[in-house]
file target17.cif (mmCIF, C-alpha atoms and all ligand atoms)
data_final
#
loop_
_atom_site.label_atom_id
_atom_site.label_comp_id
_atom_site.auth_asym_id
_atom_site.auth_seq_id
_atom_site.Cartn_x
_atom_site.Cartn_y
_atom_site.Cartn_z
CA MET O 169 10.39 -17.65 5.68
CA ILE O 170 7.44 -15.40 4.90
CA LEU O 171 5.31 -15.01 1.74
CA VAL O 172 4.56 -11.47 0.63
CA THR O 173 2.11 -10.75 -2.20
CA GLY O 174 2.24 -7.56 -4.28
CA GLY O 175 5.84 -6.92 -3.25
CA ALA O 176 6.68 -5.13 -6.51
CA GLY O 177 4.10 -2.41 -5.86
CA PHE O 178 4.60 0.80 -3.92
CA ILE O 179 4.09 -0.30 -0.31
CA GLY O 180 5.10 -3.93 -0.94
CA ALA O 181 8.46 -2.91 -2.44
CA ASN O 182 9.16 -0.56 0.46
CA PHE O 183 8.28 -3.41 2.83
CA VAL O 184 10.56 -5.89 1.05
CA LEU O 185 13.50 -3.43 1.05
CA ASP O 186 12.88 -2.71 4.71
CA TRP O 187 12.58 -6.40 5.58
CA VAL O 188 15.91 -7.44 4.07
CA THR O 189 17.58 -4.55 5.91
CA HIS O 190 16.19 -5.49 9.30
CA SER O 191 15.71 -9.26 9.17
CA ARG O 192 17.67 -12.28 8.01
CA GLU O 193 14.51 -14.25 7.30
CA ALA O 194 13.91 -15.11 3.64
CA LEU O 195 10.91 -13.79 1.76
CA ILE O 196 9.01 -15.07 -1.27
CA ASN O 197 7.50 -12.23 -3.26
CA LEU O 198 4.49 -13.25 -5.37
CA ASP O 199 3.44 -10.48 -7.75
CA ILE O 200 1.61 -10.60 -11.06
CA LEU O 201 3.43 -7.46 -12.28
CA SER O 202 0.36 -5.52 -13.32
CA TYR O 203 0.99 -1.96 -14.58
CA ALA O 204 1.60 -1.08 -10.88
CA GLY O 205 4.23 -3.76 -10.32
CA ASN O 206 7.75 -2.54 -10.96
CA LEU O 207 10.78 -4.74 -10.39
CA GLU O 208 13.05 -1.73 -10.79
CA SER O 209 11.82 -0.68 -7.35
CA LEU O 210 13.53 -3.82 -6.04
CA ALA O 211 16.79 -3.19 -7.90
CA PRO O 212 18.57 -2.12 -4.66
CA LEU O 213 18.29 -5.78 -3.58
CA GLY O 214 20.78 -6.82 -6.25
CA GLU O 215 21.45 -10.56 -6.04
CA ASN O 216 20.19 -10.85 -2.44
CA GLU O 217 19.28 -14.50 -1.91
CA GLN O 218 16.91 -13.62 0.90
CA HIS O 219 14.44 -12.48 -1.78
CA ILE O 220 12.76 -15.02 -4.07
CA PHE O 221 10.60 -13.42 -6.74
CA VAL O 222 7.73 -15.37 -8.35
CA ARG O 223 5.58 -13.82 -11.03
CA GLY O 224 2.01 -14.99 -10.53
CA ASP O 225 -1.56 -14.30 -9.47
CA ILE O 226 -2.83 -14.50 -5.89
CA GLY O 227 -5.97 -15.99 -7.50
CA ASP O 228 -4.02 -18.95 -8.91
CA LEU O 229 -4.88 -21.52 -6.27
CA ALA O 230 -2.60 -24.23 -7.69
CA LEU O 231 0.42 -21.91 -7.82
CA VAL O 232 -0.11 -20.45 -4.34
CA SER O 233 -0.71 -23.93 -2.84
CA GLU O 234 2.47 -25.20 -4.46
CA LEU O 235 4.49 -22.23 -3.13
CA LEU O 236 3.12 -22.76 0.37
CA GLN O 237 3.95 -26.48 0.35
CA ARG O 238 7.41 -25.91 -1.10
CA TYR O 239 8.55 -23.02 1.10
CA GLN O 240 6.47 -23.63 4.28
CA PRO O 241 6.23 -19.93 5.25
CA ARG O 242 5.27 -18.97 8.79
CA ALA O 243 3.23 -16.02 7.53
CA ILE O 244 1.52 -14.51 4.49
CA ILE O 245 1.30 -10.74 4.09
CA ASN O 246 -1.22 -9.76 1.44
CA PHE O 247 -0.39 -6.43 -0.21
CA ALA O 248 -1.56 -7.48 -3.69
CA ALA O 249 -4.47 -5.41 -4.93
CA GLU O 250 -5.74 -3.02 -7.53
CA SER O 251 -5.28 0.18 -5.57
CA HIS O 252 -6.24 3.29 -7.52
CA VAL O 253 -9.71 4.76 -6.90
CA ASP O 254 -9.86 6.59 -10.26
CA ARG O 255 -9.10 3.36 -12.14
CA SER O 256 -11.83 1.60 -10.16
CA ILE O 257 -14.29 4.17 -11.46
CA HIS O 258 -13.24 3.71 -15.10
CA ALA O 259 -12.79 -0.09 -15.02
CA PRO O 260 -14.00 -1.84 -11.83
CA GLU O 261 -13.74 -5.46 -13.07
CA ALA O 262 -10.05 -5.94 -12.20
CA PHE O 263 -10.80 -4.74 -8.65
CA ILE O 264 -13.42 -7.43 -8.20
CA GLN O 265 -11.12 -10.09 -9.64
CA THR O 266 -8.01 -9.33 -7.57
CA ASN O 267 -9.32 -7.67 -4.43
CA ILE O 268 -12.24 -10.04 -3.88
CA VAL O 269 -11.83 -13.26 -5.89
CA GLY O 270 -8.03 -13.21 -5.62
CA ALA O 271 -8.12 -12.56 -1.87
CA PHE O 272 -10.68 -15.38 -1.45
CA ARG O 273 -8.48 -17.88 -3.32
CA LEU O 274 -5.42 -16.79 -1.32
CA LEU O 275 -7.41 -17.43 1.85
CA GLU O 276 -8.45 -20.85 0.56
CA ALA O 277 -4.83 -21.79 -0.17
CA ALA O 278 -3.79 -20.46 3.26
CA ARG O 279 -6.56 -22.40 5.00
CA SER O 280 -5.62 -25.78 3.56
CA TYR O 281 -1.89 -25.14 4.10
CA TRP O 282 -2.56 -24.11 7.71
CA HIS O 283 -4.55 -27.31 8.26
CA SER O 284 -1.56 -29.35 7.08
CA LEU O 285 0.75 -27.82 9.74
CA ASP O 286 1.53 -29.46 13.07
CA SER O 287 0.16 -27.80 16.23
CA HIS O 288 3.30 -25.67 16.73
CA GLY O 289 3.20 -24.47 13.11
CA LYS O 290 -0.53 -23.78 13.36
CA ARG O 291 -0.11 -21.67 16.50
CA GLY O 292 2.67 -19.55 15.02
CA PHE O 293 1.13 -19.00 11.56
CA ARG O 294 -0.30 -15.56 10.59
CA PHE O 295 -2.27 -14.29 7.59
CA LEU O 296 -1.84 -10.50 7.60
CA HIS O 297 -4.18 -8.62 5.28
CA ILE O 298 -3.25 -5.07 4.28
CA SER O 299 -6.28 -2.82 3.98
CA THR O 300 -7.29 0.81 3.89
CA ASP O 301 -9.18 3.49 5.81
CA GLU O 302 -11.42 3.93 2.75
CA VAL O 303 -13.56 0.93 3.81
CA TYR O 304 -15.08 3.12 6.54
CA GLY O 305 -16.46 5.69 4.07
CA SER O 306 -16.39 9.45 4.47
CA LEU O 307 -16.35 11.59 7.63
CA LEU O 308 -17.94 14.99 8.14
CA LYS O 309 -15.88 17.87 9.48
CA GLY O 310 -15.85 17.54 13.28
CA ASP O 311 -16.59 13.78 13.33
CA PRO O 312 -14.12 11.78 15.44
CA PRO O 313 -11.53 9.77 13.44
CA PHE O 314 -12.30 6.16 12.45
CA THR O 315 -11.78 3.54 15.15
CA GLU O 316 -11.63 -0.20 14.39
CA THR O 317 -15.32 -0.54 15.28
CA HIS O 318 -16.54 2.16 12.90
CA ARG O 319 -19.13 0.72 10.54
CA TYR O 320 -18.09 -0.19 7.02
CA GLN O 321 -19.56 2.19 4.44
CA PRO O 322 -17.33 2.06 1.35
CA SER O 323 -18.21 4.38 -1.51
CA SER O 324 -15.98 3.54 -4.52
CA PRO O 325 -15.57 0.21 -6.32
CA TYR O 326 -12.03 0.19 -4.89
CA SER O 327 -13.09 0.64 -1.27
CA ALA O 328 -16.07 -1.73 -1.68
CA SER O 329 -13.76 -4.44 -3.02
CA LYS O 330 -11.30 -3.92 -0.14
CA ALA O 331 -14.19 -4.00 2.37
CA SER O 332 -15.30 -7.29 0.86
CA SER O 333 -11.86 -8.85 1.31
CA ASP O 334 -11.68 -7.57 4.90
CA HIS O 335 -14.97 -9.36 5.64
CA LEU O 336 -13.71 -12.57 4.04
CA VAL O 337 -10.49 -12.43 6.07
CA ARG O 338 -12.45 -12.09 9.31
CA ALA O 339 -14.88 -14.83 8.28
CA TYR O 340 -11.94 -17.21 7.80
CA HIS O 341 -10.91 -16.51 11.38
CA HIS O 342 -14.40 -16.78 12.81
CA THR O 343 -15.42 -19.88 10.87
CA PHE O 344 -12.18 -21.81 10.35
CA GLY O 345 -9.93 -20.42 13.07
CA LEU O 346 -7.31 -19.16 10.58
CA PRO O 347 -5.02 -16.81 12.58
CA VAL O 348 -5.60 -13.61 10.62
CA LEU O 349 -4.70 -9.98 11.27
CA THR O 350 -6.04 -6.97 9.38
CA THR O 351 -4.38 -3.58 9.24
CA ASN O 352 -6.31 -0.60 7.84
CA CYS O 353 -4.03 2.27 6.93
CA SER O 354 -4.50 5.85 5.78
CA ASN O 355 -3.00 7.41 2.61
CA ASN O 356 0.67 6.56 2.15
CA TYR O 357 3.34 8.58 0.38
CA GLY O 358 7.07 8.07 -0.16
CA PRO O 359 9.61 6.55 -2.58
CA TYR O 360 8.53 4.25 -5.44
CA GLN O 361 4.89 5.40 -5.56
CA PHE O 362 3.42 5.17 -9.06
CA PRO O 363 2.83 8.71 -10.38
CA GLU O 364 -0.92 8.24 -10.77
CA LYS O 365 -1.43 8.98 -7.05
CA LEU O 366 -1.64 12.57 -5.82
CA ILE O 367 1.80 13.29 -4.36
CA PRO O 368 4.05 11.68 -7.01
CA LEU O 369 1.77 12.98 -9.77
CA ILE O 370 2.16 16.53 -8.50
CA ILE O 371 5.95 16.15 -8.23
CA VAL O 372 6.47 14.71 -11.71
CA ASN O 373 4.00 17.07 -13.38
CA ALA O 374 5.60 20.08 -11.69
CA LEU O 375 9.08 19.03 -12.82
CA ALA O 376 7.75 18.64 -16.37
CA GLY O 377 6.06 22.08 -16.25
CA LYS O 378 2.63 20.44 -16.65
CA PRO O 379 -0.64 21.49 -14.93
CA LEU O 380 -1.13 20.22 -11.36
CA PRO O 381 -4.71 18.84 -11.35
CA VAL O 382 -6.65 19.40 -8.13
CA TYR O 383 -10.07 17.72 -8.03
CA GLY O 384 -13.07 19.88 -7.11
CA ASP O 385 -12.29 22.55 -4.51
CA GLY O 386 -9.19 20.74 -3.16
CA GLN O 387 -10.68 20.75 0.37
CA GLN O 388 -10.98 16.95 0.65
CA ILE O 389 -9.06 15.76 3.68
CA ARG O 390 -6.77 12.74 3.88
CA ASP O 391 -4.60 11.49 6.77
CA TRP O 392 -1.09 11.09 5.34
CA LEU O 393 1.49 8.56 6.54
CA TYR O 394 5.07 8.09 5.33
CA VAL O 395 5.37 4.61 3.78
CA GLY O 396 8.31 3.61 6.04
CA ASP O 397 6.05 4.14 9.04
CA HIS O 398 3.39 1.92 7.50
CA CYS O 399 6.03 -0.79 7.01
CA SER O 400 7.16 -0.59 10.63
CA ALA O 401 3.54 -0.87 11.79
CA ILE O 402 3.03 -3.99 9.63
CA THR O 403 6.20 -5.59 11.01
CA ARG O 404 5.01 -4.83 14.54
CA ALA O 405 1.52 -6.24 13.86
CA LEU O 406 3.10 -9.41 12.47
CA GLU O 407 5.31 -9.74 15.57
CA ALA O 408 2.78 -9.01 18.28
CA GLY O 409 -0.73 -8.56 16.83
CA ARG O 410 -3.45 -10.76 18.34
CA PRO O 411 -5.04 -13.18 15.85
CA GLY O 412 -8.48 -12.04 14.73
CA GLU O 413 -7.76 -8.39 15.54
CA THR O 414 -7.83 -5.31 13.34
CA TYR O 415 -5.41 -2.41 13.78
CA ASN O 416 -5.92 1.08 12.34
CA ILE O 417 -2.71 2.76 11.22
CA GLY O 418 -2.45 6.50 10.59
CA GLY O 419 -0.23 9.50 10.90
CA TRP O 420 -2.49 11.79 12.99
CA ASN O 421 -1.91 14.08 10.09
CA GLU O 422 -5.08 15.33 8.40
CA LYS O 423 -4.56 17.76 5.56
CA PRO O 424 -6.72 19.14 2.74
CA ASN O 425 -5.43 18.15 -0.70
CA ILE O 426 -4.69 21.74 -1.67
CA ASP O 427 -2.31 22.07 1.31
CA ILE O 428 -0.48 18.93 0.19
CA VAL O 429 -0.07 20.44 -3.27
CA TYR O 430 1.16 23.73 -1.77
CA SER O 431 3.72 21.86 0.37
CA VAL O 432 5.11 20.01 -2.65
CA CYS O 433 5.27 23.24 -4.71
CA ASP O 434 7.02 25.13 -1.92
CA LEU O 435 9.63 22.39 -1.47
CA LEU O 436 10.30 22.29 -5.21
CA ASP O 437 10.62 26.09 -5.22
CA LYS O 438 13.50 25.63 -2.76
CA LEU O 439 15.10 22.49 -4.15
CA ARG O 440 14.65 23.03 -7.91
CA PRO O 441 13.74 26.74 -8.39
CA LEU O 442 12.07 27.74 -11.64
CA PRO O 443 13.99 30.17 -13.82
CA GLY O 444 12.63 33.70 -13.39
CA GLY O 445 11.67 33.08 -9.76
CA SER O 446 8.03 32.07 -10.34
CA SER O 447 6.45 29.43 -8.12
CA TYR O 448 5.30 25.92 -9.03
CA ARG O 449 2.01 27.00 -7.41
CA SER O 450 1.27 28.84 -10.69
CA LEU O 451 0.76 25.41 -12.32
CA ILE O 452 -2.15 24.46 -10.02
CA THR O 453 -5.32 23.80 -12.03
CA PHE O 454 -8.69 22.99 -10.47
CA VAL O 455 -10.43 20.25 -12.48
CA THR O 456 -13.82 18.50 -12.36
CA ASP O 457 -14.21 16.47 -9.19
CA ARG O 458 -13.94 12.67 -8.97
CA PRO O 459 -17.46 11.08 -8.94
CA GLY O 460 -18.48 10.03 -5.42
CA HIS O 461 -15.36 11.66 -3.97
CA ASP O 462 -15.07 10.97 -0.22
CA ARG O 463 -14.71 14.25 1.65
CA ARG O 464 -12.66 13.28 4.66
CA TYR O 465 -10.72 10.32 6.07
CA ALA O 466 -9.04 10.34 9.49
CA MET O 467 -7.61 7.46 11.48
CA ASP O 468 -7.63 6.89 15.21
CA ALA O 469 -4.41 4.89 15.59
CA SER O 470 -4.52 4.70 19.37
CA LYS O 471 -5.15 0.91 19.51
CA ILE O 472 -1.91 -0.01 17.72
CA GLU O 473 -0.05 2.61 19.79
CA ARG O 474 -1.47 1.32 23.06
CA GLU O 475 -1.39 -2.43 22.41
CA LEU O 476 1.67 -2.80 20.18
CA GLY O 477 3.68 0.29 21.09
CA TRP O 478 3.89 1.51 17.47
CA ARG O 479 4.28 5.19 16.59
CA PRO O 480 5.21 6.91 13.33
CA ALA O 481 8.84 8.06 13.19
CA GLU O 482 8.27 10.76 10.57
CA THR O 483 6.29 13.97 10.75
CA PHE O 484 4.63 15.16 7.55
CA GLU O 485 7.37 17.79 7.18
CA THR O 486 10.25 15.28 7.37
CA GLY O 487 8.43 12.66 5.27
CA ILE O 488 7.44 14.97 2.44
CA CYS O 489 10.96 16.42 2.31
CA LYS O 490 12.46 12.92 1.94
CA THR O 491 9.86 12.07 -0.69
CA VAL O 492 10.38 15.11 -2.90
CA GLN O 493 14.15 14.65 -2.64
CA TRP O 494 13.79 10.97 -3.61
CA TYR O 495 11.89 11.86 -6.79
CA LEU O 496 14.51 14.49 -7.64
CA ASP O 497 17.30 11.95 -7.14
CA ASN O 498 15.59 9.13 -9.01
CA SER O 499 14.66 10.64 -12.35
CA ASP O 500 15.65 7.37 -14.10
CA TRP O 501 13.02 5.43 -12.14
CA VAL O 502 10.42 8.10 -12.98
CA GLY O 503 11.52 8.24 -16.64
CA ASN O 504 11.24 4.46 -17.03
CA VAL O 505 7.76 4.48 -15.52
CA GLN O 506 6.67 7.27 -17.84
CA SER O 507 8.14 5.66 -20.95
CA GLY O 508 6.86 2.19 -20.02
CA ALA O 509 10.46 0.86 -20.05
CA TYR O 510 9.95 -0.55 -16.53
CA LEU O 511 7.59 -3.14 -18.04
CA THR O 512 10.50 -4.77 -19.86
CA TRP O 513 12.73 -4.85 -16.78
CA LEU O 514 11.86 -8.49 -16.12
CA GLU O 515 13.21 -9.60 -19.51
CA LYS O 516 16.24 -7.29 -19.24
CA ASN O 517 17.16 -8.38 -15.74
CA TYR O 518 16.46 -12.08 -15.95
CA GLN O 519 17.31 -13.10 -19.50
CA GLY O 520 20.26 -15.44 -19.65
CA ARG O 521 20.12 -16.35 -15.96
CA ALA O 522 19.98 -20.01 -14.96
P1 LIG O 601 0.15 -0.75 -5.81
O1 LIG O 601 -0.97 -0.63 -6.79
O2 LIG O 601 1.31 0.17 -5.90
O3 LIG O 601 0.75 -2.24 -5.87
C1 LIG O 601 -0.05 -3.38 -5.95
C2 LIG O 601 0.86 -4.56 -6.33
O4 LIG O 601 0.03 -5.74 -6.37
C3 LIG O 601 1.52 -4.43 -7.70
O5 LIG O 601 2.87 -4.80 -7.63
C4 LIG O 601 0.74 -5.40 -8.56
O6 LIG O 601 1.50 -5.94 -9.64
C5 LIG O 601 0.35 -6.46 -7.56
N1 LIG O 601 -0.84 -7.22 -7.96
C6 LIG O 601 -2.01 -6.72 -8.46
N2 LIG O 601 -2.86 -7.73 -8.71
C7 LIG O 601 -2.23 -8.88 -8.35
C8 LIG O 601 -2.60 -10.26 -8.38
N3 LIG O 601 -3.81 -10.64 -8.83
N4 LIG O 601 -1.72 -11.17 -7.94
C9 LIG O 601 -0.48 -10.79 -7.50
N5 LIG O 601 -0.08 -9.51 -7.46
C10 LIG O 601 -0.94 -8.57 -7.87
O7 LIG O 601 -0.54 -0.69 -4.38
P2 LIG O 601 0.04 -0.09 -3.02
O8 LIG O 601 -0.24 1.35 -2.96
O9 LIG O 601 1.41 -0.61 -2.81
O10 LIG O 601 -0.95 -0.80 -1.98
C11 LIG O 601 -0.63 -2.08 -1.43
C12 LIG O 601 -1.78 -2.50 -0.51
O11 LIG O 601 -1.97 -1.52 0.51
C13 LIG O 601 -3.13 -2.61 -1.23
O12 LIG O 601 -3.80 -3.73 -0.71
C14 LIG O 601 -3.85 -1.33 -0.86
O13 LIG O 601 -5.25 -1.51 -0.86
C15 LIG O 601 -3.32 -1.07 0.53
N6 LIG O 601 -3.28 0.34 0.96
C16 LIG O 601 -2.70 1.29 0.17
C17 LIG O 601 -2.63 2.61 0.61
C18 LIG O 601 -1.96 3.69 -0.21
O14 LIG O 601 -2.01 4.87 0.17
N7 LIG O 601 -1.28 3.37 -1.31
C19 LIG O 601 -3.18 2.95 1.86
C20 LIG O 601 -3.77 1.94 2.63
C21 LIG O 601 -3.81 0.64 2.17
P1 LIG O 602 -5.15 9.43 -4.43
O1 LIG O 602 -3.67 9.63 -4.33
O2 LIG O 602 -5.71 8.91 -5.72
O3 LIG O 602 -5.57 8.52 -3.20
P2 LIG O 602 -7.07 8.17 -2.63
O4 LIG O 602 -8.08 8.52 -3.65
O5 LIG O 602 -6.95 6.69 -2.43
O6 LIG O 602 -7.22 8.94 -1.35
O7 LIG O 602 -5.84 10.81 -4.12
C1 LIG O 602 -5.62 11.51 -2.90
C2 LIG O 602 -6.55 12.70 -2.90
O8 LIG O 602 -6.12 13.62 -3.93
C3 LIG O 602 -7.98 12.33 -3.23
O9 LIG O 602 -8.84 13.16 -2.45
C4 LIG O 602 -8.12 12.69 -4.70
C5 LIG O 602 -7.16 13.84 -4.87
N1 LIG O 602 -6.53 13.96 -6.20
C6 LIG O 602 -6.52 15.19 -6.86
O10 LIG O 602 -7.05 16.21 -6.38
N2 LIG O 602 -5.89 15.25 -8.07
C7 LIG O 602 -5.32 14.18 -8.67
O11 LIG O 602 -4.80 14.29 -9.81
C8 LIG O 602 -5.32 12.91 -7.96
C9 LIG O 602 -4.68 11.69 -8.56
C10 LIG O 602 -5.93 12.86 -6.73
#

call {"tool": "encode", "arguments": {"input": "target17.cif", "output": "structure tokens", "more": "lines below"}}
Ligand code: NAD
Ligand code: TYD
result
Amino acid sequence: MILVTGGAGFIGANFVLDWVTHSREALINLDILSYAGNLESLAPLGENEQHIFVRGDIGDLALVSELLQRYQPRAIINFAAESHVDRSIHAPEAFIQTNIVGAFRLLEAARSYWHSLDSHGKRGFRFLHISTDEVYGSLLKGDPPFTETHRYQPSSPYSASKASSDHLVRAYHHTFGLPVLTTNCSNNYGPYQFPEKLIPLIIVNALAGKPLPVYGDGQQIRDWLYVGDHCSAITRALEAGRPGETYNIGGWNEKPNIDIVYSVCDLLDKLRPLPGGSSYRSLITFVTDRPGHDRRYAMDASKIERELGWRPAETFETGICKTVQWYLDNSDWVGNVQSGAYLTWLEKNYQGRA
């Protein structure tokens, strides 16, 4: 059994769905169901007994300790976080609470559980922390991509809080010997992403005929990876990663934001043409830039390729096509997010069950 945190969020839900398809091992999913947690994303699981959902906070030491003692997982994968940079600018407090204090308490619970294991259990246990390329700060045009030894220089409250948790995770290895792994990944896109992030926001706004907001000059560069490829990298790191190590994960796919927006518009022009033959590109609106906006991220993923044999299966072209098609096919999921109906899914789905 493994314990996954934040498994009702975008990447966590994709991971859980992927896990039950490829493994027979059970999984406990601990998620507080913040605005970003959506159990409808896990609806394809149906009554699958491999998945045990627990609503709770990674910062609740008593709850996490009790879950660890009861289920005796061989690994913890920590996806749970506040994850949206813009929200961290408007209201940073929650980022400090979950990404730093919550991660610290999760580590504390993991440490005392790990101490209680016999030597075989101790050797096999892993604490895998999911992090981001944003901890490394911003690159200039022409700089080489981030390697695992690039210095930490986070610039938003989000990236600073993630950097802090990365340091804590490593300290628990160095000081206490906890067998930790850290993966730092570039920007993900794919099914079940909350439409506050660039790609789903552009898709849902375009379909609603709303403006497509591009921050600043739209020339900021991100390195985009299809979420399924991130999940396969995490599975591989869990299987074969060396305790104490960090692995950068990326798609070797740097693109300026404006090109991403063009790609989405052009796909929608083909798949859902506007009446009168105009292009969705006509909805693009340049808006005031995000404060402190990092100019460029790029990941050097050669360590995980070389040491663990992982490579992305999707190109940007195949991944973005699947993604746009998914949002077209899943208008109910989008509609329930927009109306807020997804927040009541828990009551709807679980009322009356023993
Ligand atoms: P998300 O915001 O979609 O989901 C986060 C999930 O964590 C939600 O289900 C939420 O309810 C849950 N959560 C929040 N606070 C919690 C708490 N205190 N206790 C328990 N659960 C809590 O985020 P995401 O995009 O799926 O990102 C998952 C992880 O991957 C994060 O750690 C993020 O920093 C990292 N990451 C994301 C990206 C990306 O492009 N989205 C890229 C690299 C790394
Ligand atoms: P986002 O999806 O928020 O991810 P991150 O900030 O973690 O990289 O944003 C991706 C890029 O798109 C980032 O450079 C900000 C930009 N962006 C826009 O131009 N317009 C938008 O409406 C949003 C949400 C993001």

call {"tool": "closest_residue", "arguments": {"input": "target17.cif", "among": "O:Thr317, O:Asp228, O:Cys399, O:Glu234", "to": "Gly180 of chain O", "atoms": "only C-alpha atoms"}}
result
O:Cys399

call {"tool": "closest_residue", "arguments": {"input": "target17.cif", "among": "O:Gly177, O:Gly377, O:Gly289, O:Gly460", "to": "ligand LIG 602 (chain O)", "atoms": "all atoms listed in the file"}}
result
O:Gly460

call {"tool": "residues_near_point", "arguments": {"input": "target17.cif", "point": "(2.6, -5.7, -14.7)", "cutoff": "12 Å", "atoms": "all atoms listed in the file", "output": "VMD selection string"}}
result
chain O and resid 174 to 177 199 to 208 223 to 225 248 250 505 508 to 514

call {"tool": "residues_around", "arguments": {"input": "target17.cif", "residues": "segment 296-309 of chain O", "least_positions_apart": "2", "cutoff": "9 Å", "atoms": "only C-alpha atoms", "output": "JSON, numbers by chain"}}
result
{"O": [243, 244, 245, 246, 247, 248, 294, 311, 312, 313, 314, 318, 319, 320, 321, 322, 323, 324, 326, 327, 328, 329, 330, 331, 332, 333, 334, 337, 347, 348, 349, 350, 351, 352, 353, 354, 355, 402, 405, 406, 416, 417, 418, 461, 462, 463, 464, 465, 466, 467]}

call {"tool": "write_last_selection", "arguments": {"input": "target17.cif", "atoms": "C-alpha atoms", "output": "short mmCIF file (atom, residue, chain, number, x, y, z; two decimals), keeping the file's coordinate frame"}}
result
data_model
loop_
_atom_site.label_atom_id
_atom_site.label_comp_id
_atom_site.auth_asym_id
_atom_site.auth_seq_id
_atom_site.Cartn_x
_atom_site.Cartn_y
_atom_site.Cartn_z
CA ALA O 243 3.23 -16.02 7.53
CA ILE O 244 1.52 -14.51 4.49
CA ILE O 245 1.30 -10.74 4.09
CA ASN O 246 -1.22 -9.76 1.44
CA PHE O 247 -0.39 -6.43 -0.21
CA ALA O 248 -1.56 -7.48 -3.69
CA ARG O 294 -0.30 -15.56 10.59
CA ASP O 311 -16.59 13.78 13.33
CA PRO O 312 -14.12 11.78 15.44
CA PRO O 313 -11.53 9.77 13.44
CA PHE O 314 -12.30 6.16 12.45
CA HIS O 318 -16.54 2.16 12.90
CA ARG O 319 -19.13 0.72 10.54
CA TYR O 320 -18.09 -0.19 7.02
CA GLN O 321 -19.56 2.19 4.44
CA PRO O 322 -17.33 2.06 1.35
CA SER O 323 -18.21 4.38 -1.51
CA SER O 324 -15.98 3.54 -4.52
CA TYR O 326 -12.03 0.19 -4.89
CA SER O 327 -13.09 0.64 -1.27
CA ALA O 328 -16.07 -1.73 -1.68
CA SER O 329 -13.76 -4.44 -3.02
CA LYS O 330 -11.30 -3.92 -0.14
CA ALA O 331 -14.19 -4.00 2.37
CA SER O 332 -15.30 -7.29 0.86
CA SER O 333 -11.86 -8.85 1.31
CA ASP O 334 -11.68 -7.57 4.90
CA VAL O 337 -10.49 -12.43 6.07
CA PRO O 347 -5.02 -16.81 12.58
CA VAL O 348 -5.60 -13.61 10.62
CA LEU O 349 -4.70 -9.98 11.27
CA THR O 350 -6.04 -6.97 9.38
CA THR O 351 -4.38 -3.58 9.24
CA ASN O 352 -6.31 -0.60 7.84
CA CYS O 353 -4.03 2.27 6.93
CA SER O 354 -4.50 5.85 5.78
CA ASN O 355 -3.00 7.41 2.61
CA ILE O 402 3.03 -3.99 9.63
CA ALA O 405 1.52 -6.24 13.86
CA LEU O 406 3.10 -9.41 12.47
CA ASN O 416 -5.92 1.08 12.34
CA ILE O 417 -2.71 2.76 11.22
CA GLY O 418 -2.45 6.50 10.59
CA HIS O 461 -15.36 11.66 -3.97
CA ASP O 462 -15.07 10.97 -0.22
CA ARG O 463 -14.71 14.25 1.65
CA ARG O 464 -12.66 13.28 4.66
CA TYR O 465 -10.72 10.32 6.07
CA ALA O 466 -9.04 10.34 9.49
CA MET O 467 -7.61 7.46 11.48
#

call {"tool": "closest_residue", "arguments": {"input": "target17.cif", "among": "O:Leu285, O:Ala481, O:Ala259, O:Val395", "to": "ligand LIG 601 (chain O)", "atoms": "only C-alpha atoms and all ligand atoms"}}
result
O:Val395

call {"tool": "residues_around", "arguments": {"input": "target17.cif", "residues": "Glu217 of chain O", "least_positions_apart": "4", "cutoff": "12 Å", "atoms": "all atoms listed in the file", "output": "mmCIF file with C-alpha atoms, in the coordinates of the input"}}
result
data_model
loop_
_atom_site.group_PDB
_atom_site.id
_atom_site.type_symbol
_atom_site.label_atom_id
_atom_site.label_comp_id
_atom_site.auth_asym_id
_atom_site.auth_seq_id
_atom_site.Cartn_x
_atom_site.Cartn_y
_atom_site.Cartn_z
ATOM 1 C CA VAL O 188 15.910 -7.440 4.070
ATOM 2 C CA ARG O 192 17.670 -12.280 8.010
ATOM 3 C CA GLU O 193 14.510 -14.250 7.300
ATOM 4 C CA ALA O 194 13.910 -15.110 3.640
ATOM 5 C CA LEU O 195 10.910 -13.790 1.760
ATOM 6 C CA ILE O 196 9.010 -15.070 -1.270
ATOM 7 C CA LEU O 213 18.290 -5.780 -3.580
ATOM 8 C CA PHE O 221 10.600 -13.420 -6.740
#

call {"tool": "closest_residue", "arguments": {"input": "target17.cif", "among": "O:His283, O:Arg404, O:Arg273, O:Arg338", "to": "ligand LIG 601 (chain O)", "atoms": "only C-alpha atoms and all ligand atoms"}}
result
O:Arg273

call {"tool": "closest_residue", "arguments": {"input": "target17.cif", "among": "O:Asn216, O:Ser499, O:Asn504, O:Gln265", "to": "ligand LIG 601 (chain O)", "atoms": "all atoms listed in the file"}}
result
O:Gln265

call {"tool": "atom_distance", "arguments": {"input": "target17.cif", "atom1": "atom CA of Gly270 of chain O", "atom2": "atom O7 of ligand LIG 601 (chain O)"}}
result
14.6 Å

call {"tool": "closest_residue", "arguments": {"input": "target17.cif", "among": "O:Gly292, O:Pro480, O:Pro212, O:Pro359", "to": "Pro411 of chain O", "atoms": "only C-alpha atoms"}}
result
O:Gly292
